[in-house]
Every structure is written in structure tokens, then in C-alpha cells.
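Visitor: Take this structure, written in C-alpha cells, and hold onto it; I'll ask about it next.
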Amino acid sequence: MAWRYCGNQIKLWRTQAGISREELGKEAGYEYESVKSMEQGRRKPQLRLLEVADQMCGARGLLLAAQDYLKPEKFPVRTQEFMTAEAEAIALHSYEAVLIPGLLQTEEYARTLMTNRCPPLDDETVEERVSGRMERQEKLAGKPTVPFNFVIYEAALRTMVGGPELMKRQLDQLLHVGRLRNVTIQVLPADRGAHAGLSGPLVLLESADHEQLAYVEGQETAALYEDPEKISLLSQRHGMIRMQALSIEESAEFIRKLAEEIWTPS
């Protein structure tokens with residue numbers, strides 16, 4: 001929508017100034033079809049076109065100001081409601097099955113995930129997404145009265161995202177963050193058989209108004225639930241997951257041994 005609005009503004013200013021697409025494109029270094037695509041919002045209006053259009057049309061910075069609204073979102077649209085709830089939560093309980101939870105990821109782990117997305121993300125979007133993920137983590141140490149509980153399935157710890165050396169640093173990060181007094185990390189071993197976490201990841205939240213929320217995410221889908229019946233079901237499932245997981249102390253030892261196992265410097 002931002003692309004379409006910005007492109008339409010370029011078209012309106014250009015038409016009012018009596019400048020053709022060909023003239024604007026020639027001055028900015030773009031083909032006619034490229035300018036057309038940007039004006040119609042099918043392609044992101046580039047900074048160079050905004051600069052030239054602003055000057056040629058006498059917009060006095062009004063067109064150029066649009067660049068701040070064309071930056072990629074730090075979070076996918078489907079997750080933005082959850083991100084708001086997470087930022088305001090006074091308690092969070094998470095279970096993750098295949099990846100290290102975003103709140104616990106190192107920057108290089110997060111960047112590796114972002115750069116290997118399918119379909120690929122552009123470089124600017126990758127940087128914004130990584131930045132957004134790192135900003136989320138500030139709450140862990142910044143709000144020591146907010147409890148965070150994480151249960152991580154063993155498969156997530158053994159998946160070599162970025163290779164053994166990177167994963168060694170990621171596991172060390174888990175041990176470091178796990179020392180915070182408001183953070184607990186538990187491991188659900190793969191030998192638990194048909195455990196309660198096989199249905200997938202989930203997050204339970206409590207808002208400042210003591211409202212209970214639950215969040216689940218899958219392939220290009222996400223849902224934030226407020227329905228008491230749904231939350232009750234997911235809370236029961238999460239409770240069973242925690243019961244089947246290792247204790248906090250056992251989990252730390254498990255992670256420590258795995259870190260040594262996957263990468264030992266020569």
C-alpha cells in the first residue's frame with residue numbers, strides 16, 4: 001500500500017507539473033516501463049526517482065519525505081499483532097520445535113535464517129528484520145520482573161544453522177541468557193517419544209491487564225488467540241511439555257555437552 005500511495009503521488013505531481021514519464025525516466029536514469037511500474041505500486045519507488053521527481057516537480061521535499069515510509073517492515077504483517085502483545089506482556093512461556101526462539105537467537109543465527117528464506121528477501125529487508133529481532137531481545141534484560149520460560153526441542157539445538165561453529169556460539173548464548181534471573185530455558189529431549197510438543201510451537205502470554213493470550217505460527221500463517229477455550233487447550237499442552245522436558249539444571253548441562261560435541265576448536 002505504501003508503494004502504491006507513493007507511486008500515485010509521483011504521478012500526481014508529475015502530471016501537475018506537465019512532465020511526461022519519458023522525461024522523468026530519462027532524467028532519473030530509468031526506462032519508461034520502470035517508472036510506470038513504480039507509479040502503479042508494482043515496484044518499490046526508488047530513492048533516485050523520488051529525488052529527481054521532487055526537484056523536477058517543485059515538490060520541495062514532499063515527495064522525498066516518502067522514503068521513510070518505504071522502508072521494509074521489521075516484522076512480517078502476519079506477526080505484527082503478536083509482536084505488539086509480546087512487547088507489552090508481563091509473562092511469556094514459549095515452546096519451539098525446530099528453531100531457536102527469536103528472543104534467544106544470536107545476530108548471526110538470525111541473519112543466516114533471514115538470508116536463506118524462500119523466496120529470498122532483499123538485502124534491505126534482511127537488515128530490517130534482523131534489527132527488529134535484536135530489538136525484541138532488549139526486553140529480556142531490560143525488564144527483569146517479566147518472567148520468560150522457554151522450552152526448546154532437541155532438534156532445534158542440533159540443526160546446524162550456519163554450521164557447527166555458529167551453532168556453538170548460539171548454544172553458548174543460550175547458556176548466557178539462561179543465567180538471567182527472569183529467564184528459564186528447558187530442553188525437551190528427542191527420546192521422549194510421542195510427546196505433547198509434536199503438534200508444533202506455541203507461545204503463551206499474559207498482558208498488563210492480566211489477559212491470557214496464545215500464539216501459534218506455521219508456514220506463512222499465524223494466529224493470536226484470546227478465546228478462553230483455545231487458550232486452556234494450549235496451556236494444558238504447554239504444561240505437559242514442561243513436565244516432559246529436562247529440569248533447568250539438566251537442560252543447561254545438556255546444552256553445554258552438545259556445544260562441546262558439535263564443535264571443539266583444534
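Here's how to read the names in the C-alpha cells: chain A, B, ... by the order shown, residue numbers from 1 in each chain, ligand numbers from 1 in the order shown.
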Could you pull the residues within 10 Å of region 248-256 of chain A, counting only C-alpha atoms, minus those fewer than 5 positions along the same chain, as a JSON list (two decimals) with C-alpha atoms, in the first residue's frame?
Guide:
```
[["chain", "number", "residue", "atom", "x", "y", "z"],
["A", 151, "VAL", "CA", 11.25, -24.98, 26.22],
["A", 152, "ILE", "CA", 13.28, -25.99, 23.17],
["A", 154, "GLU", "CA", 16.34, -31.10, 20.93],
["A", 157, "LEU", "CA", 19.56, -27.45, 19.10],
["A", 158, "ARG", "CA", 21.01, -29.96, 16.66],
["A", 168, "LYS", "CA", 28.45, -23.44, 19.14],
["A", 171, "LEU", "CA", 24.36, -22.63, 22.27],
["A", 172, "ASP", "CA", 26.75, -20.56, 24.37],
["A", 174, "LEU", "CA", 21.53, -19.90, 25.46],
["A", 175, "LEU", "CA", 23.70, -20.67, 28.47],
["A", 176, "HIS", "CA", 24.50, -16.98, 28.93],
["A", 178, "GLY", "CA", 19.71, -18.64, 30.84],
["A", 179, "ARG", "CA", 21.66, -17.13, 33.75],
["A", 184, "THR", "CA", 14.44, -20.18, 32.33],
["A", 185, "ILE", "CA", 15.44, -22.50, 29.49],
["A", 186, "GLN", "CA", 14.49, -26.16, 29.34],
["A", 187, "VAL", "CA", 15.30, -28.80, 26.76],
["A", 188, "LEU", "CA", 12.79, -31.40, 25.58],
["A", 189, "PRO", "CA", 14.92, -34.41, 24.56],
["A", 261, "GLU", "CA", 30.10, -32.22, 20.92]]
```
Visitor: According to DSSP computed on the backbone, where in region 19-188 of chain A is there helix (DSSP H, G or I)? Give the residues as a PyMOL selection string.
Guide: chain A and resi 21-28+32-39+47-57+64-69+77-88+102-104+107-115+123-136+138-142+154-158+164-177
Visitor: So which one's closest to Gly218 (chain A), A:Ala196, A:Ala190, A:Met240, A:Val98? Using only C-alpha atoms, please.
Guide: A:Val98
Visitor: Which residues are close to region 77-87 of chain A, i.e. within 10 Å by only C-alpha atoms, leaving aside same-chain residues fewer than 4 positions away? Reply as a ChimeraX atom specification.
Guide: /A:73,91-92,132,136-139,203-208,213-217,220-225
Visitor: For Gly197 (chain A), list every protein, DNA or RNA residue within 9 Å, evaluated using only C-alpha atoms, and leave out those in the same chain fewer than 2 positions away; present the list as a list of chain:residue names.
Guide: A:Tyr95, A:Glu96, A:Ala97, A:Tyr153, A:Leu188, A:Ala194, A:His195, A:Ser199, A:Gly200, A:Pro201, A:Leu202, A:Arg237, A:His238, A:Met240, A:Ile241
Visitor: Only C-alpha atoms, please: the residues just picked out, written as a compact mmCIF listing (two decimals), in the first residue's frame.
Guide:
```
# COMPACT_ATOMS: atom_id res chain seq x y z
CA TYR A 95 7.81 -23.86 23.18
CA GLU A 96 9.84 -24.11 19.96
CA ALA A 97 10.25 -27.30 17.96
CA TYR A 153 13.01 -29.34 21.43
CA LEU A 188 12.79 -31.40 25.58
CA ALA A 194 5.20 -39.24 21.28
CA HIS A 195 5.39 -36.11 23.41
CA SER A 199 1.74 -30.54 17.38
CA GLY A 200 4.16 -27.64 16.87
CA PRO A 201 5.40 -24.45 18.55
CA LEU A 202 3.31 -22.15 20.72
CA ARG A 237 -0.42 -28.82 26.24
CA HIS A 238 2.37 -26.46 27.28
CA MET A 240 2.64 -31.26 29.69
CA ILE A 241 5.59 -30.16 27.52
```
Visitor: Might you pull out every residue within 12 Å of Cys6 (chain A), with only C-alpha atoms counted and same-chain residues fewer than 5 positions away left off, and present them as a list in words?
Guide: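 That gives Met1, Lys11, Leu12, Trp13, Ser37, Met38, Glu39, Gln40, Gly41, Arg42, Arg43, Lys44, Pro45, Gln46, Leu47, Leu49, Leu50, Ala53, Asp54, Leu62, Leu63, Leu64, Ala65, Ala66, Gln67, Asp68, Tyr69 and Leu70 of chain A.
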Visitor: If you run DSSP on this backbone, which residues of region 45-230 of chain A come out as strand (DSSP E or B), and could you give them as a ChimeraX atom specification?
Guide: /A:91-96,148-153,183-188,202-206,212-218,221-225
Visitor: Under the rule that only C-alpha atoms are counted, which of A:Asn149, A:Asn116, A:Ser131, A:Thr264 is the nearest residue to Pro164 (chain A)?
Guide: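 Nearest to Pro164 (chain A): A:Thr264.
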